[in-house]
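*Asks:* start17.cif is reproduced below (mmCIF, C-alpha atoms).
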data_target
loop_
_atom_site.label_atom_id
_atom_site.label_comp_id
_atom_site.auth_asym_id
_atom_site.auth_seq_id
_atom_site.Cartn_x
_atom_site.Cartn_y
_atom_site.Cartn_z
CA MET B 1 0.25 48.68 6.84
CA LYS B 2 -1.70 48.66 3.55
CA PHE B 3 0.04 48.05 0.25
CA SER B 4 -0.85 51.59 -0.84
CA GLU B 5 1.32 52.86 2.04
CA PHE B 6 4.35 50.76 1.10
CA PRO B 7 7.06 52.90 -0.56
CA GLN B 8 7.26 52.18 -4.30
CA SER B 9 10.86 53.40 -4.31
CA VAL B 10 11.82 50.38 -2.18
CA ILE B 11 10.25 47.97 -4.67
CA LYS B 12 11.96 49.66 -7.62
CA GLU B 13 15.32 49.58 -5.83
CA ASN B 14 14.94 45.87 -5.13
CA VAL B 15 14.11 45.13 -8.77
CA ARG B 16 17.32 46.92 -9.74
CA TYR B 17 19.20 45.01 -7.02
CA SER B 18 17.79 41.69 -8.19
CA VAL B 19 18.78 42.21 -11.82
CA LYS B 20 22.28 43.20 -10.73
CA GLU B 21 22.65 40.24 -8.36
CA ILE B 22 21.23 37.67 -10.77
CA THR B 23 23.69 38.86 -13.39
CA ASN B 24 26.49 38.70 -10.84
CA ILE B 25 25.64 35.16 -9.73
CA ILE B 26 25.51 33.82 -13.27
CA LYS B 27 28.81 35.45 -14.18
CA LYS B 28 30.52 34.42 -10.94
CA TYR B 29 29.10 30.95 -10.28
CA GLY B 30 27.73 29.86 -13.64
CA PRO B 31 25.09 27.17 -14.15
CA ARG B 32 24.00 25.45 -10.95
CA GLU B 33 23.33 21.74 -11.23
CA SER B 34 21.27 20.49 -8.29
CA GLY B 35 23.57 19.75 -5.37
CA ASN B 36 26.82 20.88 -6.98
CA ASN B 37 29.42 23.28 -5.61
CA ASN B 38 28.14 26.18 -7.71
CA CYS B 39 24.75 25.89 -6.03
CA LEU B 40 26.24 25.97 -2.56
CA ALA B 41 28.62 28.81 -3.43
CA ALA B 42 25.72 30.89 -4.76
CA GLN B 43 23.69 30.15 -1.63
CA LYS B 44 26.61 31.22 0.57
CA HIS B 45 26.84 34.44 -1.43
CA ILE B 46 23.14 35.07 -0.81
CA LYS B 47 23.43 34.16 2.87
CA LYS B 48 26.10 36.81 3.31
CA GLU B 49 23.72 39.37 1.84
CA MET B 50 20.79 38.17 3.95
CA ASP B 51 22.81 38.36 7.15
CA THR B 52 22.55 42.15 6.88
CA PHE B 53 18.73 42.26 7.04
CA CYS B 54 17.67 38.95 8.64
CA ASP B 55 17.56 38.10 12.33
CA GLU B 56 18.72 34.55 11.56
CA THR B 57 20.10 32.66 8.58
CA SER B 58 20.88 28.96 8.49
CA PHE B 59 21.62 26.02 6.21
CA GLU B 60 20.13 22.55 6.35
CA SER B 61 21.67 19.73 4.34
CA TYR B 62 20.11 16.59 2.92
CA LYS B 63 20.97 13.80 0.50
CA MET B 64 19.75 13.59 -3.07
CA ALA B 65 20.55 12.02 -6.43
CA PRO B 66 20.37 14.88 -8.97
CA LYS B 67 20.18 12.75 -12.13
CA ALA B 68 17.63 10.24 -10.81
CA PHE B 69 14.69 12.45 -11.74
CA LEU B 70 15.37 12.51 -15.50
CA GLN B 71 18.04 9.98 -16.38
CA TRP B 72 15.37 7.27 -16.45
CA THR B 73 14.32 8.74 -19.81
CA LYS B 74 17.44 7.26 -21.38
CA PHE B 75 16.99 3.83 -19.79
CA VAL B 76 13.30 3.67 -20.69
CA ALA B 77 13.96 4.82 -24.25
CA ALA B 78 16.79 2.34 -24.76
CA SER B 79 14.81 -0.53 -23.20
CA VAL B 80 11.72 -0.02 -25.36
CA PHE B 81 13.77 0.48 -28.54
CA LEU B 82 15.81 -2.67 -27.92
CA ALA B 83 12.73 -4.72 -26.94
CA VAL B 84 11.02 -3.84 -30.22
CA ALA B 85 14.13 -4.28 -32.39
CA VAL B 86 15.42 -7.50 -30.78
CA CYS B 87 12.00 -9.15 -30.66
CA ALA B 88 11.43 -8.29 -34.32
CA ALA B 89 14.74 -9.95 -35.22
CA LEU B 90 13.94 -13.01 -33.13
CA VAL B 91 10.50 -13.38 -34.71
CA PHE B 92 11.96 -12.98 -38.20
CA THR B 93 14.48 -15.74 -37.49
CA SER B 94 11.77 -17.92 -35.89
CA VAL B 95 13.51 -18.01 -32.52
CA ILE B 96 10.37 -16.78 -30.75
CA SER B 97 6.74 -16.49 -31.78
CA MET B 98 4.88 -13.22 -32.39
CA PHE B 99 2.88 -13.96 -29.22
CA VAL B 100 6.05 -14.06 -27.11
CA ALA B 101 7.29 -10.88 -28.80
CA GLN B 102 4.04 -9.09 -27.93
CA CYS B 103 4.37 -10.21 -24.32
CA ILE B 104 7.93 -8.89 -24.06
CA VAL B 105 7.26 -5.58 -25.82
CA GLY B 106 4.06 -5.00 -23.83
CA ALA B 107 5.82 -5.72 -20.52
CA VAL B 108 8.78 -3.42 -21.28
CA ILE B 109 6.49 -0.56 -22.38
CA PHE B 110 4.34 -1.02 -19.26
CA ILE B 111 7.41 -0.76 -17.04
CA GLY B 112 8.50 2.36 -18.93
CA LEU B 113 5.09 3.99 -18.51
CA PHE B 114 5.02 3.05 -14.83
CA VAL B 115 8.41 4.68 -14.21
CA THR B 116 7.24 7.77 -16.13
CA VAL B 117 4.13 8.10 -13.96
CA MET B 118 6.04 7.57 -10.72
CA GLU B 119 8.86 10.00 -11.52
CA PHE B 120 7.48 12.69 -13.81
CA LEU B 121 3.76 12.69 -13.02
CA LEU B 122 3.81 11.98 -9.27
CA TYR B 123 7.42 13.05 -8.49
CA LYS B 124 8.07 10.01 -6.33
CA ARG B 125 11.68 9.31 -5.39
CA PHE B 126 11.29 6.04 -7.28
CA THR B 127 14.67 5.61 -9.00
CA ASP B 128 16.84 7.35 -6.39
CA VAL B 129 17.84 4.02 -4.86
CA PHE B 130 19.91 3.26 -7.97
CA TYR B 131 22.03 6.41 -7.74
CA LYS B 132 24.86 7.66 -5.58
CA LYS B 133 23.67 10.43 -3.27
CA ILE B 134 25.28 13.83 -2.89
CA GLU B 135 24.63 16.63 -0.41
CA GLY B 136 22.15 19.37 -1.20
CA HIS B 137 21.38 22.43 0.91
CA ASN B 138 18.38 24.57 1.79
CA LEU B 139 18.96 28.11 3.05
CA LEU B 140 16.53 29.91 5.36
CA GLY B 141 16.49 33.55 6.39
CA VAL B 142 14.13 34.71 9.15
CA ARG B 143 12.77 38.14 10.04
CA LYS B 144 11.24 37.82 13.50
CA PRO B 145 8.29 39.81 14.85
CA THR B 146 8.59 42.13 17.82
CA GLY B 147 6.27 39.94 19.91
CA GLU B 148 5.06 36.36 20.07
CA VAL B 149 5.08 34.43 16.77
CA LYS B 150 1.45 33.69 15.86
CA ARG B 151 1.80 33.56 12.08
CA ARG B 152 4.55 32.59 9.66
CA ILE B 153 4.75 33.23 5.93
CA VAL B 154 7.56 31.69 3.89
CA ILE B 155 8.52 33.01 0.45
CA SER B 156 10.45 30.33 -1.39
CA GLY B 157 12.46 30.07 -4.60
CA HIS B 158 14.86 27.41 -5.87
CA ILE B 159 18.42 28.27 -6.85
CA ASP B 160 19.37 25.19 -8.89
CA SER B 161 19.06 25.28 -12.67
CA ALA B 162 17.96 22.61 -15.10
CA TYR B 163 19.68 20.25 -17.48
CA GLU B 164 19.01 21.39 -21.03
CA TRP B 165 15.92 20.03 -22.74
CA ARG B 166 16.89 19.70 -26.41
CA HIS B 167 13.27 19.66 -27.58
CA VAL B 168 12.79 23.20 -26.27
CA TYR B 169 16.18 24.56 -27.32
CA TYR B 170 15.96 23.36 -30.94
CA GLY B 171 12.25 24.13 -31.22
CA LYS B 172 12.58 27.84 -30.56
CA LYS B 173 9.98 28.89 -33.17
CA PHE B 174 8.25 25.52 -33.55
CA PRO B 175 6.29 23.41 -31.03
CA LEU B 176 8.86 20.62 -31.19
CA MET B 177 8.45 19.80 -27.50
CA THR B 178 4.69 19.27 -27.81
CA ILE B 179 4.96 17.21 -31.00
CA LEU B 180 7.78 14.92 -29.88
CA MET B 181 6.51 14.34 -26.34
CA SER B 182 3.00 13.64 -27.65
CA TRP B 183 4.46 11.14 -30.09
CA THR B 184 6.59 9.51 -27.40
CA ILE B 185 3.96 9.21 -24.67
CA GLY B 186 1.01 8.67 -26.98
CA GLY B 187 2.90 6.10 -29.01
CA ALA B 188 3.91 4.16 -25.92
CA ILE B 189 0.32 4.06 -24.63
CA ILE B 190 -1.05 2.96 -28.02
CA SER B 191 1.64 0.30 -28.40
CA PHE B 192 0.90 -1.08 -24.94
CA VAL B 193 -2.85 -1.27 -25.69
CA ILE B 194 -2.16 -2.94 -29.03
CA ALA B 195 0.18 -5.47 -27.41
CA VAL B 196 -2.50 -6.34 -24.85
CA ILE B 197 -5.13 -6.77 -27.59
CA ALA B 198 -2.74 -8.94 -29.61
CA ILE B 199 -2.11 -11.15 -26.56
CA ILE B 200 -5.84 -11.50 -25.93
CA ALA B 201 -6.42 -12.27 -29.62
CA HIS B 202 -4.02 -15.20 -29.25
CA PHE B 203 -6.50 -16.86 -26.89
CA VAL B 204 -9.84 -15.39 -28.00
CA ASP B 205 -11.30 -15.23 -31.50
CA MET B 206 -11.76 -11.50 -32.12
CA GLY B 207 -12.58 -11.86 -35.79
CA ALA B 208 -11.20 -9.47 -38.41
CA PHE B 209 -10.25 -6.91 -35.75
CA GLY B 210 -8.07 -9.43 -33.94
CA GLU B 211 -6.44 -10.51 -37.18
CA PHE B 212 -5.71 -6.90 -38.12
CA ILE B 213 -4.10 -6.19 -34.76
CA THR B 214 -2.06 -9.39 -34.88
CA ASP B 215 -0.88 -8.78 -38.46
CA TYR B 216 -0.10 -5.07 -38.20
CA SER B 217 0.67 -4.44 -34.52
CA TYR B 218 4.40 -4.38 -35.08
CA PHE B 219 4.14 -1.41 -37.41
CA PHE B 220 2.81 0.58 -34.43
CA HIS B 221 5.63 -0.79 -32.26
CA PHE B 222 8.21 0.36 -34.81
CA LEU B 223 6.76 3.89 -34.72
CA THR B 224 7.00 3.82 -30.92
CA ALA B 225 10.60 2.61 -31.13
CA LEU B 226 11.44 5.59 -33.37
CA ALA B 227 9.83 7.91 -30.85
CA MET B 228 12.13 6.47 -28.20
CA VAL B 229 15.11 7.84 -30.12
CA THR B 230 13.79 11.36 -29.51
CA LEU B 231 13.16 10.53 -25.84
CA PHE B 232 16.74 9.26 -25.51
CA LEU B 233 17.98 12.62 -26.83
CA PHE B 234 15.51 14.68 -24.76
CA VAL B 235 17.81 15.71 -21.88
CA ASP B 236 21.36 16.95 -22.41
CA PHE B 237 23.06 16.26 -19.09
CA SER B 238 26.28 17.95 -20.24
CA THR B 239 24.60 21.35 -20.68
CA ILE B 240 22.99 23.19 -17.76
CA SER B 241 20.79 26.26 -18.04
CA PRO B 242 22.12 29.50 -16.49
CA GLY B 243 18.76 29.66 -14.71
CA ALA B 244 18.33 33.44 -14.67
CA ASN B 245 14.55 33.39 -14.91
CA ASP B 246 14.03 29.80 -13.77
CA ASN B 247 14.62 30.39 -11.02
CA LEU B 248 16.93 33.13 -9.80
CA THR B 249 13.94 35.47 -10.21
CA GLY B 250 12.11 33.30 -7.65
CA THR B 251 15.18 33.10 -5.44
CA TYR B 252 15.49 36.88 -5.31
CA ALA B 253 11.74 37.26 -4.83
CA ALA B 254 12.27 35.41 -1.55
CA VAL B 255 15.42 37.32 -0.62
CA CYS B 256 14.00 40.72 -1.52
CA ALA B 257 10.74 40.10 0.32
CA LEU B 258 12.75 40.42 3.56
CA ARG B 259 15.06 43.08 2.16
CA MET B 260 12.10 45.26 1.16
CA LEU B 261 10.52 44.96 4.60
CA ASP B 262 13.83 45.94 6.17
CA MET B 263 14.36 48.92 3.87
CA ALA B 264 10.80 50.14 4.44
CA GLY B 265 11.19 49.78 8.20
CA VAL B 266 8.25 47.38 8.50
CA ASP B 267 8.23 45.38 11.73
CA PHE B 268 5.37 43.00 12.41
CA GLU B 269 4.14 42.34 15.91
CA ASN B 270 3.19 38.68 15.53
CA THR B 271 4.14 37.60 11.98
CA GLU B 272 7.42 35.87 11.18
CA VAL B 273 8.55 36.28 7.57
CA CYS B 274 10.98 33.76 6.10
CA ALA B 275 12.95 33.58 2.86
CA MET B 276 13.73 30.04 1.72
CA VAL B 277 16.30 29.33 -0.99
CA THR B 278 16.02 25.68 -1.90
CA ASP B 279 18.17 23.32 -3.91
CA GLY B 280 16.96 20.25 -5.80
CA GLU B 281 13.76 21.51 -7.43
CA GLU B 282 15.11 20.57 -10.84
CA ALA B 283 16.01 17.15 -9.42
CA GLY B 284 12.37 16.38 -8.68
CA LEU B 285 11.52 18.81 -5.82
CA ARG B 286 14.02 16.98 -3.61
CA GLY B 287 14.95 19.96 -1.42
CA CYS B 288 11.39 20.99 -0.60
CA LYS B 289 10.31 17.38 -0.10
CA GLN B 290 12.99 17.00 2.55
CA TRP B 291 12.22 20.38 4.17
CA ALA B 292 8.50 19.59 4.33
CA LYS B 293 9.25 16.24 5.96
CA ASP B 294 11.68 17.69 8.52
CA HIS B 295 9.53 20.73 9.41
CA TYR B 296 6.03 19.28 9.25
CA ASP B 297 5.36 19.58 12.99
CA GLU B 298 6.73 23.13 13.09
CA TYR B 299 4.61 24.23 10.14
CA VAL B 300 1.43 22.30 10.97
CA ASN B 301 1.24 21.32 14.64
CA SER B 302 3.03 24.15 16.47
CA GLY B 303 0.02 26.46 16.73
CA VAL B 304 1.71 28.99 14.41
CA GLU B 305 -0.41 29.58 11.31
CA THR B 306 2.04 28.92 8.45
CA ALA B 307 1.79 29.39 4.69
CA VAL B 308 4.41 28.93 1.97
CA LEU B 309 4.37 30.97 -1.25
CA CYS B 310 6.66 29.41 -3.84
CA VAL B 311 7.76 31.75 -6.61
CA ASP B 312 8.97 30.13 -9.82
CA THR B 313 9.93 32.36 -12.77
CA LEU B 314 8.87 36.00 -13.00
CA THR B 315 9.31 36.72 -16.69
CA ASP B 316 6.30 36.51 -19.01
CA LEU B 317 4.02 39.14 -17.49
CA GLU B 318 0.95 38.12 -19.49
CA TYR B 319 1.16 34.71 -17.78
CA LEU B 320 1.56 36.01 -14.22
CA ASN B 321 -0.93 33.84 -12.36
CA VAL B 322 -1.63 32.11 -9.08
CA TYR B 323 -1.04 28.43 -9.82
CA ASN B 324 -3.53 26.76 -7.53
CA ARG B 325 -3.23 23.41 -9.31
CA ASP B 326 0.16 21.78 -9.68
CA MET B 327 2.12 18.65 -10.58
CA THR B 328 0.43 18.20 -13.98
CA GLY B 329 -2.91 19.01 -12.35
CA THR B 330 -2.76 16.22 -9.76
CA VAL B 331 -2.21 18.51 -6.73
CA LYS B 332 -4.60 21.26 -5.61
CA HIS B 333 -3.12 23.97 -3.41
CA ASN B 334 -4.77 25.52 -0.37
CA LYS B 335 -7.89 27.39 -1.53
CA ARG B 336 -7.82 30.12 1.13
CA PHE B 337 -4.14 30.94 0.66
CA SER B 338 -4.41 30.89 -3.13
CA GLN B 339 -7.34 33.28 -2.89
CA LEU B 340 -5.42 35.50 -0.46
CA VAL B 341 -2.61 35.86 -3.01
CA MET B 342 -5.17 36.62 -5.72
CA ASP B 343 -6.89 39.24 -3.57
CA SER B 344 -3.52 40.75 -2.66
CA ALA B 345 -2.62 41.04 -6.35
CA GLU B 346 -5.85 42.91 -6.97
CA GLU B 347 -5.14 45.22 -4.04
CA ALA B 348 -1.71 45.92 -5.54
CA GLY B 349 -3.39 47.03 -8.77
CA HIS B 350 -3.09 43.78 -10.72
CA ASP B 351 -6.59 42.47 -11.30
CA ASP B 352 -5.78 40.48 -14.44
CA LEU B 353 -4.27 37.46 -12.67
CA LYS B 354 -6.08 34.14 -12.97
CA PHE B 355 -5.97 30.80 -11.25
CA ALA B 356 -3.93 28.46 -13.39
CA ASN B 357 -2.62 24.90 -13.56
CA VAL B 358 0.97 23.70 -13.83
CA PHE B 359 -0.16 21.21 -16.46
CA PHE B 360 3.28 19.84 -17.40
CA GLY B 361 5.76 19.44 -14.56
CA SER B 362 5.61 20.84 -11.05
CA SER B 363 6.68 23.60 -8.69
CA ASP B 364 8.12 23.29 -5.19
CA ALA B 365 4.72 24.27 -3.83
CA ALA B 366 3.42 20.82 -4.73
CA ALA B 367 5.91 19.20 -2.34
CA PHE B 368 4.55 21.29 0.54
CA THR B 369 0.92 20.68 -0.34
CA GLN B 370 1.49 16.93 -0.69
CA ALA B 371 3.01 16.95 2.79
CA GLY B 372 -0.06 18.69 4.22
CA ILE B 373 1.51 22.16 4.54
CA THR B 374 -0.42 25.23 3.35
CA ALA B 375 1.14 26.43 0.09
CA THR B 376 0.54 27.86 -3.35
CA CYS B 377 2.59 29.06 -6.33
CA LEU B 378 3.09 32.42 -8.05
CA ALA B 379 4.71 32.31 -11.48
CA ALA B 380 4.91 34.16 -14.79
CA MET B 381 6.05 31.89 -17.60
CA ASP B 382 4.63 31.07 -21.01
CA PRO B 383 3.39 27.47 -20.64
CA ALA B 384 4.05 26.72 -24.32
CA PRO B 385 6.81 26.45 -22.86
CA ALA B 386 8.85 29.64 -23.13
CA ASP B 387 11.79 29.41 -25.52
CA TYR B 388 14.27 29.97 -22.66
CA TYR B 389 12.78 27.20 -20.51
CA HIS B 390 15.37 24.65 -19.39
CA ASN B 391 18.04 25.64 -21.88
CA ARG B 392 21.08 27.86 -22.38
CA ARG B 393 19.00 30.87 -23.47
CA ASP B 394 17.84 31.42 -19.88
CA SER B 395 20.52 33.99 -19.05
CA PHE B 396 20.53 37.47 -17.55
CA ASP B 397 19.90 39.13 -20.91
CA ARG B 398 16.39 37.59 -20.83
CA LEU B 399 15.36 39.16 -17.53
CA VAL B 400 12.20 41.30 -17.60
CA PRO B 401 12.36 43.94 -14.84
CA GLU B 402 8.69 44.90 -15.23
CA ALA B 403 7.60 41.29 -14.59
CA ILE B 404 9.90 41.11 -11.55
CA LYS B 405 8.46 44.38 -10.24
CA THR B 406 4.87 43.18 -10.62
CA GLY B 407 5.70 39.92 -8.88
CA TYR B 408 7.32 41.79 -5.99
CA GLU B 409 4.25 43.98 -5.61
CA VAL B 410 2.02 40.92 -5.37
CA ILE B 411 4.36 39.31 -2.83
CA ILE B 412 4.59 42.39 -0.58
CA SER B 413 0.82 42.85 -0.73
CA THR B 414 0.38 39.17 0.20
CA ILE B 415 2.73 39.47 3.18
CA LEU B 416 0.96 42.59 4.46
CA ASN B 417 -2.47 40.99 4.12
CA PHE B 418 -1.30 37.76 5.74
CA ASP B 419 0.01 39.76 8.69
CA GLU B 420 -3.35 41.49 9.04
CA ASN B 421 -5.72 38.57 8.45
CA GLY B 422 -3.73 35.34 8.31
CA LEU B 423 -5.68 32.77 6.34
CA GLY B 424 -8.94 34.22 7.61
CA GLU B 425 -11.87 35.32 5.52
CA VAL B 426 -11.11 36.10 1.90
CA LYS B 427 -13.32 37.28 -0.90
CA GLU B 428 -15.27 34.87 -3.07
CA GLU B 429 -12.96 32.88 -5.30
CA LYS B 430 -12.22 34.57 -8.60
CA LYS B 431 -12.83 32.34 -11.60
#
Mind converting the file's structure to structure tokens?

*Replies:*
Amino acid sequence: MKFSEFPQSVIKENVRYSVKEITNIIKKYGPRESGNNNCLAAQKHIKKEMDTFCDETSFESYKMAPKAFLQWTKFVAASVFLAVAVCAALVFTSVISMFVAQCIVGAVIFIGLFVTVMEFLLYKRFTDVFYKKIEGHNLLGVRKPTGEVKRRIVISGHIDSAYEWRHVYYGKKFPLMTILMSWTIGGAIISFVIAVIAIIAHFVDMGAFGEFITDYSYFFHFLTALAMVTLFLFVDFSTISPGANDNLTGTYAAVCALRMLDMAGVDFENTEVCAMVTDGEEAGLRGCKQWAKDHYDEYVNSGVETAVLCVDTLTDLEYLNVYNRDMTGTVKHNKRFSQLVMDSAEEAGHDDLKFANVFFGSSDAAAFTQAGITATCLAAMDPAPADYYHNRRDSFDRLVPEAIKTGYEVIISTILNFDENGLGEVKEEKK
């Protein structure tokens, strides 16, 4: 079947259904912290719906520490602030020398930067060992082909919602997030470099430059310490976003992919279509990391050509793009599959999509790609970021049906093209 033959009435009905169900889930289950009972209750609600149009539905559980991904911000902020303040007091009272103070401050900032890179840049489960684990769940719905399974496409969206980021919430009409995070990260890097230069200057005559750094370095450290106050306040763990757009729109993109096929009476001969509803994305991609680990052989070595399309926020239509680079630009998704999604969007009448980069943060697709599984990401969110991103404004009143509809058209077109061609030849990559 070509996309032009797919009934538009089915897509429109599923947009209406999605808006209704997203509203219902938020009203009934509320915000959904990674791994909490609200998450599981919402997944069970969705499973009951999927049982009516899937051949199989199943849960898989895993262990995760939901606060490990971001709570380090408070420990790092407090450690750097105290290192600067305490060392300044000890130098002033002649308990330690300025050289010793530089060594301590430099070491503490280095550790803080290292933890930041491991957790927020590379999404390693670096601090999880220090936290009590709870049980998270991934939900899978499967629509089987009529014959032998030769291809598998998985549409995935995460159901958990984020802890509130105060920088975004209070900076609604001002780039507070960009300013404060640039100050925090930039200040820490500059302070570390200055501390290293000051330590070197203690042993090597660096002339006037060395004297300047030695005499004035602590003024830079004090500015960094002030920035740590804003980092300490960055995440509000007591307030959780309703997560309507990020990412119940992605969740229902996965659910409705199968529902639309069922309503349109589309049965594939050799292509299995799956809807995956993950937990733990907002806890550092924990759910998808575990799924990719547990299903690597099935998705890579079974002889079944498999691709995963992760959908994360269908809201800001002007930013609807194929995100072929992820995890702050450190991960590059499968070129052929990314191009297939782009070509499918064009076939569905949307030729204004571009390849884009998740330049701050990550999507679940990065967890699959890192594991060696074919994946890419489809999303529509203002990267500024959007004023509803990770805060209490992300409720059902901010849903954009037209963006959801466009996303669904791209997804259905992608599924139909994948069934016809798999990851075979695609057109020349669009710049």

*Asks:* Using all atoms listed in the file, tabulate the residues of stretch 192-309 of chain B lying at most 10 Å from any atom of stretch 356-368 of chain B, each with its closest atom pair and that distance in Å to one decimal, by chain and increasing residue number, as a Markdown table.

*Replies:*
| residue | atom | partner | partner_atom | distance |
| --- | --- | --- | --- | --- |
| B:Thr278 | CA | B:Asp364 | CA | 8.9 |
| B:Gly280 | CA | B:Asp364 | CA | 9.4 |
| B:Glu281 | CA | B:Asp364 | CA | 6.3 |
| B:Glu282 | CA | B:Ser363 | CA | 9.2 |
| B:Gly284 | CA | B:Ser362 | CA | 8.4 |
| B:Leu285 | CA | B:Asp364 | CA | 5.7 |
| B:Arg286 | CA | B:Ala367 | CA | 8.5 |
| B:Gly287 | CA | B:Asp364 | CA | 8.5 |
| B:Cys288 | CA | B:Ala367 | CA | 6.0 |
| B:Lys289 | CA | B:Ala367 | CA | 5.3 |
| B:Gln290 | CA | B:Ala367 | CA | 8.9 |
| B:Trp291 | CA | B:Phe368 | CA | 8.5 |
| B:Ala292 | CA | B:Phe368 | CA | 5.7 |
| B:Lys293 | CA | B:Phe368 | CA | 8.8 |
| B:Tyr296 | CA | B:Phe368 | CA | 9.1 |
| B:Ala307 | CA | B:Phe368 | CA | 9.5 |
| B:Val308 | CA | B:Ala365 | CA | 7.4 |
| B:Leu309 | CA | B:Ala365 | CA | 7.2 |

*Asks:* Create the file for the chosen residues now, containing C-alpha atoms and written as an mmCIF file, in the frame of the given file.

*Replies:*
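As written to disk, part.cif reads:
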data_model
loop_
_atom_site.group_PDB
_atom_site.id
_atom_site.type_symbol
_atom_site.label_atom_id
_atom_site.label_comp_id
_atom_site.auth_asym_id
_atom_site.auth_seq_id
_atom_site.Cartn_x
_atom_site.Cartn_y
_atom_site.Cartn_z
ATOM 1 C CA THR B 278 16.020 25.680 -1.900
ATOM 2 C CA GLY B 280 16.960 20.250 -5.800
ATOM 3 C CA GLU B 281 13.760 21.510 -7.430
ATOM 4 C CA GLU B 282 15.110 20.570 -10.840
ATOM 5 C CA GLY B 284 12.370 16.380 -8.680
ATOM 6 C CA LEU B 285 11.520 18.810 -5.820
ATOM 7 C CA ARG B 286 14.020 16.980 -3.610
ATOM 8 C CA GLY B 287 14.950 19.960 -1.420
ATOM 9 C CA CYS B 288 11.390 20.990 -0.600
ATOM 10 C CA LYS B 289 10.310 17.380 -0.100
ATOM 11 C CA GLN B 290 12.990 17.000 2.550
ATOM 12 C CA TRP B 291 12.220 20.380 4.170
ATOM 13 C CA ALA B 292 8.500 19.590 4.330
ATOM 14 C CA LYS B 293 9.250 16.240 5.960
ATOM 15 C CA TYR B 296 6.030 19.280 9.250
ATOM 16 C CA ALA B 307 1.790 29.390 4.690
ATOM 17 C CA VAL B 308 4.410 28.930 1.970
ATOM 18 C CA LEU B 309 4.370 30.970 -1.250
#

*Asks:* Which one of B:Ile153, B:Ala384, B:Val84, B:Ala254 sits closest to B:Ile104 if you count all atoms listed in the file?

*Replies:*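 Ranked by minimum distance to B:Ile104, first place goes to B:Val84.
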
*Asks:* Measuring between only C-alpha atoms, which one of B:Thr306, B:Ser395, B:Asn334, B:Ser61 shows the shortest distance to B:His137?

*Replies:*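 Ranked by minimum distance to B:His137, first place goes to B:Ser61.
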
*Asks:* Would you place a box with edges along x, y and z of the file around all atoms of stretch 21-36 of chain B listed there, add 4 Å to each of its six sides, and report the centre and edge lengths in Å to one decimal, as lines of an AutoDock Vina configuration file?

*Replies:*
center_x = 25.9
center_y = 30.0
center_z = -9.8
size_x = 17.3
size_y = 28.5
size_z = 16.8

*Asks:* Find the residues around B:Val76 up to 10 Å (all atoms listed in the file counted), leave out those fewer than 5 positions away in its own chain, and share them as a VMD selection string.

*Replies:* chain B and resid 71 81 to 82 108 to 109 111 to 113 115 to 116 228 231 to 232

*Asks:* Take the PyMOL selection byres ((chain B and resi 242-253) around 6), run it mentally on this structure, and tell me the resulting residues as a list of chain:residue names.

*Replies:*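 For this structure, the PyMOL selection byres ((chain B and resi 242-253) around 6) captures B:Pro31, B:Gly157, B:His158, B:Ile159, B:Ser161, B:Ser241, B:Ala254, B:Val255, B:Cys256, B:Ala257, B:Val277, B:Val311, B:Asp312, B:Thr313, B:Leu314, B:Asp394, B:Ser395, B:Phe396.
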
*Asks:* Go ahead and save the residues from that selection, with C-alpha atoms, as a short mmCIF file (atom, residue, chain, number, x, y, z; two decimals), in the coordinates of the input.

*Replies:*
data_model
loop_
_atom_site.label_atom_id
_atom_site.label_comp_id
_atom_site.auth_asym_id
_atom_site.auth_seq_id
_atom_site.Cartn_x
_atom_site.Cartn_y
_atom_site.Cartn_z
CA PRO B 31 25.09 27.17 -14.15
CA GLY B 157 12.46 30.07 -4.60
CA HIS B 158 14.86 27.41 -5.87
CA ILE B 159 18.42 28.27 -6.85
CA SER B 161 19.06 25.28 -12.67
CA SER B 241 20.79 26.26 -18.04
CA ALA B 254 12.27 35.41 -1.55
CA VAL B 255 15.42 37.32 -0.62
CA CYS B 256 14.00 40.72 -1.52
CA ALA B 257 10.74 40.10 0.32
CA VAL B 277 16.30 29.33 -0.99
CA VAL B 311 7.76 31.75 -6.61
CA ASP B 312 8.97 30.13 -9.82
CA THR B 313 9.93 32.36 -12.77
CA LEU B 314 8.87 36.00 -13.00
CA ASP B 394 17.84 31.42 -19.88
CA SER B 395 20.52 33.99 -19.05
CA PHE B 396 20.53 37.47 -17.55
#

*Asks:* I'd like the interatomic distance between atom CA of B:Ser79 and atom CA of B:Phe174, to a tenth of an Å.

*Replies:* 28.8 Å

*Asks:* For the provided coordinates, the residues matched by the PyMOL selection byres ((chain B and resi 99) around 9) should be stated as a ChimeraX atom specification.

*Replies:* /B:96-98,100-104,198-199,202,214

*Asks:* Go through B:Cys377, B:Val117, B:Ile179, B:Ala225 one by one, measure the shortest atom-to-atom distance of each to B:His167 using all atoms listed in the file, and give the residue with the smallest value.

*Replies:*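 Using all atoms listed in the file, the shortest distance to B:His167 belongs to B:Ile179.
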
*Asks:* Just how far from atom CA of B:Thr369 is atom CA of B:Ile412, in Å to one decimal?

*Replies:* 22.0 Å

*Asks:* Which residues, named as in the file, does the PyMOL selection byres ((chain B and resi 36) around 10) pick out? Answer as a list of chain:residue names.

*Replies:*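 When the PyMOL selection byres ((chain B and resi 36) around 10) is applied, the selected residues are B:Pro31, B:Arg32, B:Glu33, B:Ser34, B:Gly35, B:Asn37, B:Asn38, B:Cys39, B:Leu40, B:Ala41, B:Pro66, B:Ile134, B:Glu135, B:Gly136, B:His137, B:Asp160, B:Asp279, B:Gly280.
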
*Asks:* Atom CA of B:Arg336 to atom CA of B:Leu423: how many Å, to one decimal?

*Replies:*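 Spanning atom CA of B:Arg336 to atom CA of B:Leu423 is a straight-line distance of 6.2 Å.
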